[in-house]
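Take a look at the structure below.
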Amino acid sequence: MDDLSSLNLSETNKMGPRRTTKGRGYIYTALEPEEAATDDVPNISDDEESGQDTEVSARAGRKKWQSRLKANSSLVSWVWNGGCQLLMQRAWDALVAACQRGNTLKSRTVTPGQPDLSQRYPANAICNRKYSLFSFIPKVLFEQFKYFLNLYFLVIAMTQFISQLKIGYLYTYWGPLTFVIVVTMMRELYDDMKRYMRDKEVNMQQYYRLTKKGRVPVASSDIQVSDVVIVEKNQRIPADMVLLRTTEKSGSCFVRTDQLDGETDWKLRIAVPSCQGLTSDEELFNVEAAVFAERPQKCIYNFVGTLSMIGGKERKEEPLAVENTLWANTVLASGTALGLVIYTGAETRSVLNTSGVRSKIGLVDLEINRLTKILFISMIALATAMLALKGFSVLWYVFLFRYIILFSYIIPISLRVNLDMGKLVYSWMIQRDSTIPDTVVRSSTIPEELGRIEYLLSDKTGTLTQNEMVFRKLHLGSVAFTQESMPEVKSHLLSALSRINGVPLGGIGEPLGGIGAPLEGGGQLVESVKALALCHNVTPVLEWPGGGDVRAGDQSSVDVQESEVVIFQKDGDQAKRCITYQASSPDEVALVKWTESVGLTLVERDLTSLCLETPDGHTLRYDILQIFPFTSETKRMGIILRDSGSGQITFYMKGADVVMTSKVQYNDWVEEECGNMAREGLRTLVVGKKVLSEEQYASFEICYKQAKLSVSDRATQVSAVLQSLEENMELLCLTGVEDQLQTDVRPTLELLRNAGIKVWMLTGDKMETATSIALSSRLIARTQNIYSFKQVLSRSEVHNELNSFRRKNDYALVISGDSLQLCLEHYEAEFVDVACQCPAVICCRCSPTHKALVVTLLQQHTKRPVCAIGDGGNDVSMIQAANVGIGILGKEGKQASLAADFSITHFSHISRLLVWHGRNCYKRSAALSQFVIHRGLIISVMQALFSAIFYFAAVPLYEGILMVGYATIYTMAPVFSMVLDEDVSPDIALTYPELYKELMKGRALSLKTFFVWVLISIYQGGVIMLLGFLLFEALFVHVVAITFTALVLNELLMVALTIRTWHGLMVLAQLFSVIIYMLSLVILNGYFDGSFLLTFGFVWKTLLIAATSCIPLVMLKLSYRKCAPPSYAKLLKQNSMLRNCCKVNC
């Protein structure tokens, strides 16, 4: 059996999920009699038996031939499910790819101010437009006619140019189609013009280019590779650049990257030391300098490059990393920067990471598409039947096409227009809801999906929790300090510092804990506090009363007196300025704030040093020799410092317990205490240190510098050098930080559970922490049994664990990312089937790829809508893969919010978004689509009866203007007003979330409801047409007047009878349609007999026909509701009775 514990995740993802089981089902294995009596549950069979290879090969061959046979026999199914549309889209993508060939990305060597004329780099102009002047019309038409509905109507309209097939006027068919296309083109033109104006504004932003002749103004779009560009504070970085110089003395600056990676914290960027050391900017052109830059990459967190400089006879070569870069579309937050442009336009990191978002199609759209195909088949069948009854003649195919054109209204062209307009209304309503403020709808194509969610996959940190870290516990092995004992920590620290006879610390050659002080008791406590105060990437920022801010210790960015360069200069109780902390992680800020609370305050930090302030006011200064930042791969960060007073060099490191346990000296308590803290819901960090001699550090520095100068495989070489330094570290302490729960997260999860939505939590935290948060948030009930999936390393272990778990009924599942990966490798279908039966699933130690994979598997195996919610950049892949992606605008930035379909500010808002707005969107779209289909079906039934009565003549019943008016000005407003209808109030929907379960069944829009509306259309069309012929007197024009008026009146009555909650706009829509139609009767005197319209016979005949078509249906509907009332009707009745009882009691 192969050991899969070291499985390479990236390679696995490239290969895709694989299944090597014997099938999707389970194979029963023999059980002992006693076991069979108690555990009558099927096991998952393992096929690791003799002859496995032969069986697998044979099975693979059978599957291959079966798949070929299936492919050959499913051509009709492929076409039915949108194969033609897919083929057209692939052809378009291939054409675009062919046009883009040749744009290979290459590494380059860039000399400041000297463009390489032999290379051709892309222009720096930003272009977010979808269309150009020449491609607008072709692309818009292609996008519209790749849909079956529009293509169908185009073909029908084209047939009207053939004289034998022409029926009525051209505008009857070209008018509605042209209206739909023109409206779409105007919308696309408006959106593209807005994009063009935004692009133009950005492209015309002015910068200064530094040349040998001085500063030259240049527009952003004219910037080229090798330009030396000056960027002022709060300006956008126009292109990817290497930071050469900055006005700040420290040689560093801050950038805001929220528009690039979504993170709101400021990032520290460092100028190239050899360039920062030059006396002036112009001196750059007096030295021979060149920058080697790797080929453009998507990754914004890494960069490999070198700078070579020859000044006089000396040649310098310095490594360049991501901290030496300024990426395009970030904003300079401090000082003025001078950068060398290395990538422009399409080669910048921001453009390379901008990919076309996958267009999501909702279930409602797919269901309507299927119904449209059924209507198309019905239309062909009806035309064929009419032709058969007429009899096949010489020109039978001409009559067949004429019948098809006559019955083309069976598929209403206004269906998609009404649905798209309805979605815009739903999106507007969601954003206007005052109970969920600041909610943003970024994708208006899928609001109906909110009403049919069955699985909700949620992140933990920042989603279920607030991402506000509070320091809770410090464990030293022999003793632990909690919130209640923090004053004791402060007194220990103060007494340790006061032992050195009042001599300012950091100014003598004595370490903080005392010379030779053993790391136990108070000495270990002081060393632990000092390590937490030093080992981080936190930068203190001073906030001034005037609103300005500057890094502590950096005086170049603000005009202050020398005497004011102290952190706190108090006047009574008022401080002239206060200090805040900037960091990439809230965990680090929580640790630094805690050390401040116990008396050791970080007061100053720059590129090369940092200062701590002791409780008695003394300052400790340290020189920063090296920093090793935290990454998701290493799961740790480190720093090498030299005490300015004693000269002692110390390497501090902190990180996750899974990494640090192998780095620190042997101990018997870290693993146990990590588990204990995790069960309390705390995030843990292990802290260690190592004292280095001058010789050790010098040797390390040489190797580290050589590794950083490597252009190829730099990351591997740097990692190897660091590993030699990280061995046998001294264990200092274990910290516990609490992430507090979001407001109202418990009632929200309870409501979702009652609504029938299964909530899964996918997190990168350890298993114990995730389980604790799941219990405290009530994701798992206190009385719920929990099954912790064991750590598995091989296929046989996965097999045994799955068999064991299948015997557990109603257990919540907790599984790690590694175990999940092996389960999906060997038993994908079986694992998903088992997990879907659990009331809750918690996946721990999940990478972003794991999260997206779980979403995809749920979609594939359950065929149910999946919603994903998160707040960080690591949740983007999961959000984009889900049917509905919801982003929370939180402390981790805007990346998840910007990538999501819906953006909210609090997790609790999801209850109203799903249970109330989701319900309304789905039920309204279902009713609207079926009513529009009914409107087309009823007139087609009348046309069929008319042709049959007149010896199967292929002539239209109504003239073109009447047909166009029927689907637009006469009935469109009342029908569209149904998007305002409500079946229950928001209070009822939120009080009884069980109503949401009915929506998951999709009964509001199904084949059953569709055929009910078909029967209604057949009945009403037949009644109107047959009674019209029975009641007309002498002229055919009287039949047209009676039947058409009854038809319009019937539609208005049906809308009124269908509405459950009236709105003022609904009444106005009804009145508007009646008035418009009455005016039409007067204006269109060529279509109606005006004298006949004024007679009493016209009135009573029209009312009789309308009543006959509607009243029986109303009676049937009331009888059905009396016998089988819907759930919401029962709740409304119950709620009304409760209110009446309360009034009586009062």
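Residues in the structure tokens are numbered from 1 in each chain, the chains being A, B, ... in the order shown, and ligands are numbered from 1 in the order shown.
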field: All helix (DSSP H, G or I) residues (DSSP, backbone) inside stretch 861-902 of chain A, as a list in words
entry: His861, Thr862, Gly873, Asn874, Asp875, Val876, Ser877, Met878, Ile879, Gln880, Ala881, Gln895, Ala896, Ser897, Leu898 and Ala899 of chain A
Those selected residues, please, written with N, CA, C and O atoms and delivered as a tab-separated table (two decimals), in the first residue's frame.
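After the write, part13.tsv holds the following:
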```tsv
chain	number	residue	atom	x	y	z
A	861	HIS	N	-22.52	15.86	-7.08
A	861	HIS	CA	-23.12	14.64	-6.53
A	861	HIS	C	-24.55	14.84	-6.05
A	861	HIS	O	-25.35	13.91	-6.09
A	862	THR	N	-24.87	16.03	-5.55
A	862	THR	CA	-26.22	16.25	-5.03
A	862	THR	C	-27.14	16.92	-6.04
A	862	THR	O	-28.36	16.84	-5.90
A	873	GLY	N	-9.56	36.67	1.27
A	873	GLY	CA	-9.07	36.29	-0.05
A	873	GLY	C	-8.99	34.79	-0.24
A	873	GLY	O	-9.10	34.29	-1.36
A	874	ASN	N	-8.80	34.03	0.87
A	874	ASN	CA	-8.73	32.58	0.74
A	874	ASN	C	-10.10	31.95	0.51
A	874	ASN	O	-10.19	30.74	0.29
A	875	ASP	N	-11.17	32.74	0.55
A	875	ASP	CA	-12.51	32.23	0.31
A	875	ASP	C	-13.01	32.52	-1.10
A	875	ASP	O	-14.10	32.09	-1.46
A	876	VAL	N	-12.22	33.25	-1.88
A	876	VAL	CA	-12.68	33.68	-3.20
A	876	VAL	C	-12.95	32.49	-4.11
A	876	VAL	O	-13.97	32.44	-4.81
A	877	SER	N	-12.05	31.52	-4.13
A	877	SER	CA	-12.25	30.36	-5.00
A	877	SER	C	-13.52	29.60	-4.64
A	877	SER	O	-14.24	29.14	-5.53
A	878	MET	N	-13.81	29.47	-3.37
A	878	MET	CA	-15.03	28.80	-2.92
A	878	MET	C	-16.26	29.60	-3.33
A	878	MET	O	-17.27	29.06	-3.80
A	879	ILE	N	-16.19	30.93	-3.16
A	879	ILE	CA	-17.33	31.80	-3.48
A	879	ILE	C	-17.63	31.77	-4.97
A	879	ILE	O	-18.79	31.71	-5.38
A	880	GLN	N	-16.59	31.80	-5.80
A	880	GLN	CA	-16.81	31.81	-7.24
A	880	GLN	C	-17.27	30.46	-7.77
A	880	GLN	O	-17.94	30.39	-8.79
A	881	ALA	N	-16.92	29.38	-7.08
A	881	ALA	CA	-17.33	28.05	-7.54
A	881	ALA	C	-18.77	27.72	-7.18
A	881	ALA	O	-19.39	26.89	-7.84
A	895	GLN	N	-11.75	41.65	-0.79
A	895	GLN	CA	-11.56	40.72	-1.90
A	895	GLN	C	-12.73	39.75	-2.03
A	895	GLN	O	-13.24	39.54	-3.12
A	896	ALA	N	-13.18	39.17	-0.93
A	896	ALA	CA	-14.31	38.26	-0.98
A	896	ALA	C	-15.58	39.00	-1.35
A	896	ALA	O	-16.40	38.50	-2.13
A	897	SER	N	-15.75	40.19	-0.81
A	897	SER	CA	-16.94	40.98	-1.12
A	897	SER	C	-17.01	41.34	-2.59
A	897	SER	O	-18.07	41.28	-3.20
A	898	LEU	N	-15.87	41.71	-3.18
A	898	LEU	CA	-15.85	42.11	-4.59
A	898	LEU	C	-16.03	40.92	-5.52
A	898	LEU	O	-16.56	41.07	-6.63
A	899	ALA	N	-15.60	39.74	-5.10
A	899	ALA	CA	-15.70	38.56	-5.95
A	899	ALA	C	-17.05	37.86	-5.83
A	899	ALA	O	-17.35	36.98	-6.64
```
query: Near stretch 324-332 of chain A, within 9 Å and counting only C-alpha atoms, which residues show up once chain neighbours fewer than 3 positions away are dropped, as a ChimeraX atom specification?
result: /A:231-244,253-260,269-272,300,303,320-321,335-337,339,343-344,348-351
message: Using only C-alpha atoms, can you tell me which of A:Val470, A:Ile405, A:Val598, A:Ala1106 comes closest to A:Lys166?
response: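 Among the listed residues, the smallest separation from A:Lys166 belongs to A:Ile405.
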query: Got a sec: who's within 7 Å of stretch 737-750 of chain A, counting only C-alpha atoms, leaving out chain neighbours fewer than 6 positions off, as a list in words?
result: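 Here the answer would be Leu464, Thr465, Gln466, Asn467, Glu468, Met469, Val470, Phe471, Arg472, Lys473, Gly681, Leu682, Arg683, Thr684, Ser777, Arg778, Leu779, Phe907, Ser908 and Ser911 of chain A.
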- prompt: Which residue, A:Ser252, A:Ser414, A:Ser107, A:Gln119, has the smallest gap to A:Glu323 when you use only C-alpha atoms?
  reply: A:Ser252
- prompt: Of the candidates A:Val229, A:Ala900, A:Tyr426, A:Arg295, which shows the shortest atom-to-atom distance to A:Asp281, using only C-alpha atoms?
  reply: A:Val229
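For A:Phe952, the residues within 12 Å (counting only C-alpha atoms, excluding itself and residues fewer than 2 positions away along the chain) are Ala383, Thr384, Ala385, Met386, Leu387, Ala388, Leu389, Lys390, Gly391, Phe399, Leu400, Arg402, Tyr403, Leu406, Gln943, Ala944, Leu945, Phe946, Ser947, Ala948, Ile949, Phe950, Ala954, Val955 and Pro956 of chain A.
Between atom CA of A:Ile939 and atom CA of A:Ala1041 there is a distance of 14.4 Å.
Atom CA of A:Met963 is found 20.5 Å from atom CA of A:Ile162.
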query: With only C-alpha atoms as the basis for distance, which of A:Asn128, A:Asn883, A:Ser794, A:Ser1080 is at the shortest distance from A:Leu450?
result: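 The closest residue to A:Leu450 is A:Asn883.
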query: Can you list, as a ChimeraX atom specification, every residue of stretch 250-326 of chain A that DSSP puts in strand (DSSP E or B)?
result: /A:252-256,266-270,288-293,305-311,314-320,325-326
field: Exercise: A:Gly305 partners within 8 Å, only C-alpha atoms, chain neighbours under 3 positions left out, as a VMD selection string
entry: chain A and resid 291 to 294 319 to 321 711
task: Identify, on the basis of only C-alpha atoms, every residue whose closest approach to stretch 275-279 of chain A does not exceed 12 Å; exclude the query and any residue fewer than 3 positions from it along the same chain; express the result as a ChimeraX atom specification.
output: /A:112,242-252,270-272,282-291,307-311,316-318,324,337-340
- prompt: Restricting the calculation to only C-alpha atoms, which member of A:Cys838, A:Met729, A:Ile649, A:Cys703 is positioned closest to A:Thr661?
  reply: A:Met729
